[in-house]
$ cat coords33.txt   # compact mmCIF, C-alpha atoms and all ligand atoms
# COMPACT_ATOMS: atom_id res chain seq x y z
CA MET A 1 -96.00 196.76 16.35
CA ARG A 2 -96.63 198.44 19.69
CA VAL A 3 -95.22 201.72 20.98
CA LEU A 4 -95.18 202.73 24.65
CA VAL A 5 -95.90 206.43 25.26
CA VAL A 6 -95.12 207.88 28.69
CA THR A 7 -96.63 211.19 29.79
CA ALA A 8 -96.51 212.90 33.17
CA VAL A 9 -100.21 213.63 33.77
CA PRO A 10 -103.56 212.18 32.64
CA ALA A 11 -104.41 215.31 30.58
CA GLU A 12 -101.35 214.63 28.41
CA ARG A 13 -102.17 210.92 28.14
CA ASP A 14 -105.71 211.76 27.02
CA ALA A 15 -104.41 214.27 24.47
CA VAL A 16 -102.40 211.46 22.88
CA THR A 17 -105.24 208.91 22.83
CA ARG A 18 -107.71 211.52 21.45
CA ALA A 19 -105.80 211.35 18.18
CA PHE A 20 -107.51 207.99 17.56
CA GLY A 21 -111.09 208.84 18.69
CA GLY A 22 -113.35 206.63 20.79
CA GLU A 23 -112.64 205.29 24.24
CA PRO A 24 -109.21 203.70 24.68
CA GLU A 25 -109.04 200.16 25.98
CA VAL A 26 -107.52 200.26 29.47
CA ARG A 27 -105.08 197.54 30.57
CA GLU A 28 -103.70 197.19 34.08
CA VAL A 29 -100.20 195.79 34.41
CA PRO A 30 -98.18 195.76 37.65
CA GLY A 31 -97.15 199.38 38.29
CA ALA A 32 -98.88 200.93 35.26
CA ARG A 33 -102.31 201.56 33.71
CA LEU A 34 -102.06 201.57 29.92
CA HIS A 35 -104.53 203.29 27.58
CA ARG A 36 -104.42 201.59 24.18
CA ALA A 37 -105.05 203.77 21.09
CA GLY A 38 -103.83 202.96 17.59
CA PRO A 39 -100.28 201.56 17.85
CA PHE A 40 -99.77 203.36 21.18
CA ASP A 41 -100.06 202.14 24.76
CA VAL A 42 -100.12 205.39 26.74
CA VAL A 43 -99.41 205.72 30.45
CA ALA A 44 -99.47 208.78 32.72
CA GLY A 45 -96.57 207.93 34.98
CA GLY A 46 -96.13 211.05 37.09
CA ALA A 47 -93.87 214.09 36.98
CA GLY A 48 -90.08 213.97 36.99
CA PRO A 49 -87.44 211.55 35.75
CA ALA A 50 -87.68 209.06 38.63
CA ALA A 51 -91.43 208.46 38.28
CA ALA A 52 -91.05 208.33 34.50
CA ALA A 53 -88.23 205.77 34.68
CA ALA A 54 -90.13 203.57 37.10
CA VAL A 55 -93.36 203.44 35.10
CA THR A 56 -91.45 202.92 31.84
CA ALA A 57 -89.56 199.97 33.30
CA PHE A 58 -92.76 198.44 34.71
CA ALA A 59 -94.61 198.76 31.41
CA LEU A 60 -91.74 197.43 29.30
CA ALA A 61 -91.24 194.48 31.63
CA ALA A 62 -94.95 193.63 31.47
CA ALA A 63 -95.09 193.45 27.66
CA PRO A 64 -95.89 189.94 26.39
CA ALA A 65 -92.84 188.20 24.89
CA ALA A 66 -94.74 187.80 21.62
CA GLU A 67 -95.43 191.54 21.40
CA PRO A 68 -92.50 193.53 22.80
CA TYR A 69 -92.46 197.32 22.47
CA ALA A 70 -90.52 198.51 19.40
CA LEU A 71 -90.21 202.08 20.67
CA VAL A 72 -90.80 204.21 23.76
CA VAL A 73 -91.92 207.85 23.45
CA SER A 74 -91.66 210.45 26.21
CA ALA A 75 -94.42 212.95 25.41
CA GLY A 76 -96.30 215.88 26.83
CA ILE A 77 -96.19 219.61 27.13
CA GLY A 78 -92.91 221.40 27.70
CA GLY A 79 -91.12 224.71 27.95
CA GLY A 80 -89.65 226.04 24.70
CA PHE A 81 -86.47 228.08 24.43
CA ALA A 82 -87.68 231.29 22.81
CA SER A 83 -85.26 231.42 19.90
CA ALA A 84 -85.99 227.81 18.86
CA ALA A 85 -89.54 226.83 19.80
CA PRO A 86 -92.38 229.33 20.38
CA VAL A 87 -95.52 228.55 22.37
CA GLY A 88 -97.81 226.30 20.31
CA SER A 89 -94.95 224.68 18.41
CA LEU A 90 -93.75 221.09 18.66
CA VAL A 91 -90.26 219.82 19.41
CA VAL A 92 -88.84 216.37 18.64
CA ALA A 93 -85.65 215.56 20.52
CA THR A 94 -82.43 214.97 18.62
CA ARG A 95 -80.79 214.44 22.00
CA ILE A 96 -82.35 213.78 25.40
CA VAL A 97 -80.10 215.46 27.93
CA ALA A 98 -80.06 215.30 31.75
CA ALA A 99 -79.25 218.98 32.19
CA ASP A 100 -78.96 219.06 35.98
CA LEU A 101 -77.47 215.61 36.69
CA GLY A 102 -73.98 216.23 38.04
CA ALA A 103 -72.21 218.32 40.65
CA GLU A 104 -71.75 221.97 41.47
CA THR A 105 -68.09 222.87 41.78
CA PRO A 106 -66.26 226.16 42.43
CA ASP A 107 -65.88 226.35 38.64
CA GLY A 108 -69.56 225.75 37.94
CA PHE A 109 -71.75 222.76 37.07
CA VAL A 110 -70.05 219.53 36.00
CA PRO A 111 -72.21 216.83 34.37
CA VAL A 112 -71.95 213.25 35.67
CA THR A 113 -69.87 212.29 32.67
CA GLY A 114 -67.34 214.95 33.68
CA LEU A 115 -67.19 213.32 37.11
CA GLY A 116 -66.18 210.07 35.44
CA PHE A 117 -69.36 208.01 35.72
CA GLY A 118 -72.93 207.65 34.48
CA ARG A 119 -74.37 209.17 31.33
CA ASP A 120 -76.19 212.37 30.56
CA THR A 121 -77.40 211.97 26.97
CA PHE A 122 -79.47 209.53 24.92
CA LEU A 123 -79.77 209.74 21.14
CA PRO A 124 -83.11 208.89 19.51
CA PRO A 125 -82.91 207.15 16.10
CA GLU A 126 -81.90 209.77 13.53
CA ALA A 127 -84.17 208.62 10.70
CA LEU A 128 -87.19 208.52 12.99
CA VAL A 129 -86.52 212.02 14.33
CA ARG A 130 -86.18 213.33 10.79
CA ASP A 131 -89.41 211.65 9.62
CA VAL A 132 -91.44 212.71 12.67
CA ALA A 133 -90.22 216.30 12.23
CA ALA A 134 -91.23 216.22 8.55
CA ALA A 135 -94.68 214.73 9.26
CA THR A 136 -95.60 216.96 12.21
CA GLY A 137 -93.66 220.17 11.61
CA ALA A 138 -91.83 219.66 14.90
CA VAL A 139 -88.58 221.51 15.45
CA PRO A 140 -85.76 218.96 15.82
CA GLY A 141 -83.38 219.86 18.66
CA PRO A 142 -82.01 218.85 22.04
CA VAL A 143 -84.61 218.51 24.80
CA LEU A 144 -83.31 219.03 28.32
CA THR A 145 -84.64 217.02 31.24
CA VAL A 146 -84.67 219.06 34.47
CA SER A 147 -85.88 218.17 37.94
CA THR A 148 -86.68 221.81 38.66
CA ALA A 149 -88.58 223.69 35.95
CA THR A 150 -86.68 226.81 34.97
CA GLY A 151 -88.14 230.00 36.45
CA SER A 152 -85.62 232.78 35.94
CA ALA A 153 -83.66 234.52 33.21
CA ALA A 154 -80.41 233.64 35.01
CA ARG A 155 -81.11 229.89 34.96
CA THR A 156 -82.26 230.09 31.33
CA ALA A 157 -78.93 231.72 30.43
CA GLU A 158 -77.00 229.02 32.33
CA LEU A 159 -78.81 226.25 30.47
CA LEU A 160 -78.27 227.91 27.10
CA ALA A 161 -74.58 228.46 27.87
CA ALA A 162 -74.22 224.72 28.52
CA HIS A 163 -76.60 223.65 25.69
CA PRO A 164 -76.67 226.41 23.06
CA ALA A 165 -78.88 224.40 20.66
CA ALA A 166 -81.48 223.43 23.29
CA ALA A 167 -85.01 223.63 21.86
CA ALA A 168 -87.10 222.68 24.90
CA GLU A 169 -87.08 221.49 28.47
CA ALA A 170 -89.34 219.08 30.32
CA MET A 171 -89.05 216.79 33.32
CA GLU A 172 -89.33 213.16 32.19
CA GLY A 173 -87.44 212.41 28.98
CA PHE A 174 -84.16 211.30 30.47
CA GLY A 175 -85.89 208.95 32.93
CA VAL A 176 -87.90 207.35 30.14
CA ALA A 177 -84.76 207.03 28.01
CA GLU A 178 -82.72 205.47 30.83
CA ALA A 179 -85.32 202.76 31.40
CA ALA A 180 -85.78 202.12 27.68
CA ALA A 181 -82.03 201.85 27.11
CA GLY A 182 -81.73 199.37 29.98
CA LEU A 183 -84.06 197.08 28.05
CA GLY A 184 -82.58 197.85 24.63
CA VAL A 185 -85.60 199.76 23.30
CA PRO A 186 -85.13 202.94 21.19
CA VAL A 187 -86.57 206.17 22.53
CA LEU A 188 -88.14 209.34 21.14
CA GLU A 189 -89.25 212.53 22.91
CA LEU A 190 -92.02 214.74 21.56
CA ARG A 191 -93.05 217.97 23.32
CA ALA A 192 -95.78 220.49 22.59
CA VAL A 193 -94.65 223.88 23.84
CA SER A 194 -97.02 225.35 26.43
CA ASN A 195 -94.73 228.08 27.76
CA THR A 196 -91.44 229.81 27.17
CA VAL A 197 -88.47 228.83 29.32
CA GLY A 198 -87.67 231.89 31.43
CA PRO A 199 -89.04 233.89 34.36
CA ARG A 200 -91.99 231.94 35.75
CA ASP A 201 -95.38 233.21 34.54
CA ARG A 202 -97.88 230.38 35.04
CA ALA A 203 -100.77 232.57 33.82
CA ALA A 204 -99.11 232.74 30.40
CA TRP A 205 -98.97 228.93 29.91
CA ARG A 206 -101.10 227.87 26.95
CA ILE A 207 -101.86 224.32 28.08
CA GLY A 208 -105.02 223.82 26.00
CA GLU A 209 -103.25 224.91 22.84
CA ALA A 210 -100.30 222.64 23.57
CA LEU A 211 -102.51 219.63 24.30
CA ALA A 212 -104.35 220.18 21.00
CA ALA A 213 -101.00 220.30 19.20
CA LEU A 214 -100.01 217.05 20.92
CA THR A 215 -103.20 215.32 19.70
CA GLU A 216 -102.58 216.47 16.13
CA ALA A 217 -98.93 215.41 16.30
CA PHE A 218 -99.73 211.87 17.46
CA GLY A 219 -102.24 211.38 14.65
CA LYS A 220 -99.44 212.20 12.21
CA THR A 221 -96.79 210.23 14.10
CA ALA A 222 -98.57 206.85 14.06
CA PRO A 223 -97.94 206.07 10.35
CA VAL A 224 -94.37 207.34 10.64
CA VAL A 225 -93.44 205.00 13.50
CA GLU A 226 -95.14 202.08 11.76
CA SER A 227 -93.13 202.70 8.60
CA TRP A 228 -89.91 203.19 10.59
CA ASN A 229 -90.49 199.89 12.37
CA ARG A 230 -90.87 198.06 9.06
CA HIS A 231 -87.97 199.67 7.20
CA ASP A 232 -85.44 201.43 9.39
CA ARG A 233 -85.48 200.19 12.95
CA HIS A 234 -82.72 197.62 12.87
CA ASP A 235 -80.01 199.53 11.03
CA ARG A 236 -80.57 203.03 12.42
CA HIS A 237 -80.71 202.50 16.18
CA ARG A 238 -77.86 204.67 17.55
CA ASP A 239 -78.01 203.77 21.15
O1 LIG B 1 -103.01 222.14 34.73
C1 LIG B 1 -103.29 221.44 33.75
O2 LIG B 1 -104.43 221.40 33.24
C2 LIG B 1 -102.22 220.66 33.11
C3 LIG B 1 -102.51 219.90 31.98
C4 LIG B 1 -101.51 219.20 31.37
C5 LIG B 1 -100.21 219.23 31.89
C6 LIG B 1 -99.94 219.98 33.01
C7 LIG B 1 -98.61 220.03 33.59
O3 LIG B 1 -98.30 220.84 34.43
C8 LIG B 1 -97.63 219.05 33.06
C9 LIG B 1 -96.32 219.08 33.82
C10 LIG B 1 -95.24 218.60 32.90
O4 LIG B 1 -95.06 219.54 31.87
C11 LIG B 1 -93.72 219.62 31.51
N1 LIG B 1 -93.38 221.05 31.46
C12 LIG B 1 -94.15 221.99 30.93
N2 LIG B 1 -93.53 223.17 30.91
C13 LIG B 1 -92.33 222.98 31.47
C14 LIG B 1 -91.20 223.83 31.70
O5 LIG B 1 -91.19 225.04 31.39
N3 LIG B 1 -90.13 223.28 32.30
C15 LIG B 1 -90.08 221.97 32.64
N4 LIG B 1 -91.12 221.13 32.42
C16 LIG B 1 -92.22 221.62 31.83
C17 LIG B 1 -92.96 218.77 32.51
O6 LIG B 1 -92.56 217.62 31.84
C18 LIG B 1 -93.94 218.50 33.62
O7 LIG B 1 -93.84 217.22 34.19
C19 LIG B 1 -100.94 220.70 33.65
$ encode --input "coords33.txt" --output "structure tokens"
Amino acid sequence: MRVLVVTAVPAERDAVTRAFGGEPEVREVPGARLHRAGPFDVVAGGAGPAAAAAVTAFALAAAPAAEPYALVVSAGIGGGFASAAPVGSLVVATRIVAADLGAETPDGFVPVTGLGFGRDTFLPPEALVRDVAAATGAVPGPVLTVSTATGSAARTAELLAAHPAAAAEAMEGFGVAEAAAGLGVPVLELRAVSNTVGPRDRAAWRIGEALAALTEAFGKTAPVVESWNRHDRHDRHRD
């Protein structure tokens, strides 16, 4: 069973592959460079939902027919909402939500679904989310995908008003999920919290700590996804 993992930057990709030691085998496919480690093919596809969707689609389309991907994981560091996910913690998405995809109106932000088209949420498989949370200690909760990282208390309050249970935000999950859904592949999002969502303070980001947490999490996630693929995949896919 193979799992495609999509990160934004090479440092995140390498944090995932480090969980398996040694040098990953590198495979070039059109549009993507995959680093193979354990059950994971890991690609650093760039920042933001568009880059993430493009590289996910390229990698999925390039999989050999005899060995299709059973799962796609959007992974990396992320911002944690203070009440749910402190710096250094992990978050596994129960929902992957496009938080700024929609329209501004005189009455405030309206998501695309409120405009009568598109979609703004993908649901990872429930059993897999539960098992990954149990194995890694990750907080299960909604992860918001934003095109602009939050940098003020006012924007944080807006996001929490619209998504009171939000645990984290990042910039790729919804793009990865959109591409995976287009090809009928389930999706998961796993984030290691490097900073708190709120007024921008880049000096306070704990990137090294978050990358170390990501490495540890992927070591613990590999057996979970392998077991899920054998036992749960076909009856629990909600999307
Ligand atoms: O500078 C470095 O060494 C470094 C190493 C690893 C990753 C980075 C990034 O800047 C990754 C950008 C990536 O991180 C996500 N992210 C992290 N915090 C937030 C946030 O508060 N709001 C939104 N996104 C966040 C996001 O997915 C970015 O694409 C640097």
$ closest_atom_pairs --input "coords33.txt" --of "chain A" --to "ligand LIG 1 (chain B)" --cutoff "10 Å" --atoms "all atoms listed in the file" --output "tab-separated table"
residue	atom	partner	partner_atom	distance
A:Thr7	CA	B:LIG1	O6	7.9
A:Ala8	CA	B:LIG1	O7	5.2
A:Val9	CA	B:LIG1	C5	5.9
A:Pro10	CA	B:LIG1	C4	7.4
A:Ala11	CA	B:LIG1	C4	4.9
A:Glu12	CA	B:LIG1	C4	5.4
A:Arg13	CA	B:LIG1	C4	8.9
A:Asp14	CA	B:LIG1	C4	9.6
A:Ala15	CA	B:LIG1	C4	9.0
A:Gly45	CA	B:LIG1	O7	9.7
A:Gly46	CA	B:LIG1	O7	7.2
A:Ala47	CA	B:LIG1	O7	4.2
A:Gly48	CA	B:LIG1	O7	5.7
A:Pro49	CA	B:LIG1	O7	8.7
A:Ala51	CA	B:LIG1	O7	10.0
A:Ala52	CA	B:LIG1	O7	9.3
A:Ser74	CA	B:LIG1	O6	9.2
A:Ala75	CA	B:LIG1	O6	8.2
A:Gly76	CA	B:LIG1	O4	6.4
A:Ile77	CA	B:LIG1	O4	4.9
A:Gly78	CA	B:LIG1	C12	3.5
A:Gly79	CA	B:LIG1	O5	3.5
A:Gly80	CA	B:LIG1	O5	6.9
A:Phe81	CA	B:LIG1	O5	8.9
A:Leu144	CA	B:LIG1	C15	8.6
A:Thr145	CA	B:LIG1	C15	7.5
A:Val146	CA	B:LIG1	C15	6.4
A:Ser147	CA	B:LIG1	C15	7.8
A:Thr148	CA	B:LIG1	C15	6.9
A:Ala149	CA	B:LIG1	N3	4.0
A:Thr150	CA	B:LIG1	N3	5.6
A:Gly151	CA	B:LIG1	O5	7.7
A:Ala168	CA	B:LIG1	N3	8.0
A:Glu169	CA	B:LIG1	C15	5.2
A:Ala170	CA	B:LIG1	N4	3.4
A:Met171	CA	B:LIG1	O6	3.9
A:Glu172	CA	B:LIG1	O6	5.5
A:Gly173	CA	B:LIG1	O6	7.8
A:Arg191	CA	B:LIG1	C11	8.4
A:Ala192	CA	B:LIG1	C12	8.6
A:Val193	CA	B:LIG1	N2	7.2
A:Ser194	CA	B:LIG1	N2	6.1
A:Asn195	CA	B:LIG1	O5	5.9
A:Thr196	CA	B:LIG1	O5	6.4
A:Val197	CA	B:LIG1	O5	5.1
A:Gly198	CA	B:LIG1	O5	7.7
A:Pro199	CA	B:LIG1	O5	9.6
A:Arg200	CA	B:LIG1	O5	8.2
A:Asp201	CA	B:LIG1	O5	9.7
A:Arg202	CA	B:LIG1	O5	9.3
A:Trp205	CA	B:LIG1	N2	8.0
A:Arg206	CA	B:LIG1	C3	9.5
A:Ile207	CA	B:LIG1	C3	5.9
A:Gly208	CA	B:LIG1	C3	7.6
A:Ala210	CA	B:LIG1	C4	8.6
A:Leu211	CA	B:LIG1	C4	7.2
$ atom_distance --input "coords33.txt" --atom1 "atom CA of Val3 of chain A" --atom2 "atom CA of Tyr69 of chain A"
5.4 Å
$ closest_residue --input "coords33.txt" --among "A:Ala66, A:Val55, A:Val87, A:Ala19" --to "Arg33 of chain A" --atoms "all atoms listed in the file"
A:Val55
$ atom_distance --input "coords33.txt" --atom1 "atom CA of Phe109 of chain A" --atom2 "atom CA of Ala166 of chain A"
16.9 Å
$ atom_distance --input "coords33.txt" --atom1 "atom CA of Val225 of chain A" --atom2 "atom CA of Ala54 of chain A"
23.9 Å
$ residues_around --input "coords33.txt" --residues "Val112 of chain A" --least-positions-apart "4" --cutoff "8 Å" --atoms "all atoms listed in the file" --output "ChimeraX atom specification"
/A:101-103,116-120
$ closest_residue --input "coords33.txt" --among "A:Val72, A:Ala63, A:Ala84, A:Met1" --to "Gly38 of chain A" --atoms "all atoms listed in the file"
A:Met1
$ closest_residue --input "coords33.txt" --among "A:Ala212, A:Leu190, A:Ala167, A:Val5" --to "Ala37 of chain A" --atoms "all atoms listed in the file"
A:Val5
$ closest_residue --input "coords33.txt" --among "A:Val187, A:Ala133, A:Ala85, A:Val73" --to "Thr121 of chain A" --atoms "only C-alpha atoms"
A:Val187
$ closest_atom_pairs --input "coords33.txt" --of "segment 95-213 of chain A" --to "segment 226-231 of chain A" --cutoff "10 Å" --atoms "only C-alpha atoms" --output "CSV"
residue,atom,partner,partner_atom,distance
A:Pro125,CA,A:Trp228,CA,9.7
A:Ala127,CA,A:Trp228,CA,7.9
A:Leu128,CA,A:Trp228,CA,6.4
A:Asp131,CA,A:Trp228,CA,8.5
A:Val132,CA,A:Trp228,CA,9.9
$ closest_residue --input "coords33.txt" --among "A:Leu71, A:Pro24, A:Thr136, A:Pro106" --to "Thr215 of chain A" --atoms "all atoms listed in the file"
A:Thr136
$ closest_residue --input "coords33.txt" --among "A:Ala181, A:Ala161, A:Leu90, A:Val224" --to "Phe122 of chain A" --atoms "only C-alpha atoms"
A:Ala181
$ axis_aligned_box --input "coords33.txt" --around "segment 87-90 of chain A" --padding-each-side "4 Å" --output "lines of an AutoDock Vina configuration file"
center_x = -95.8
center_y = 224.8
center_z = 20.4
size_x = 12.1
size_y = 15.5
size_z = 12.0
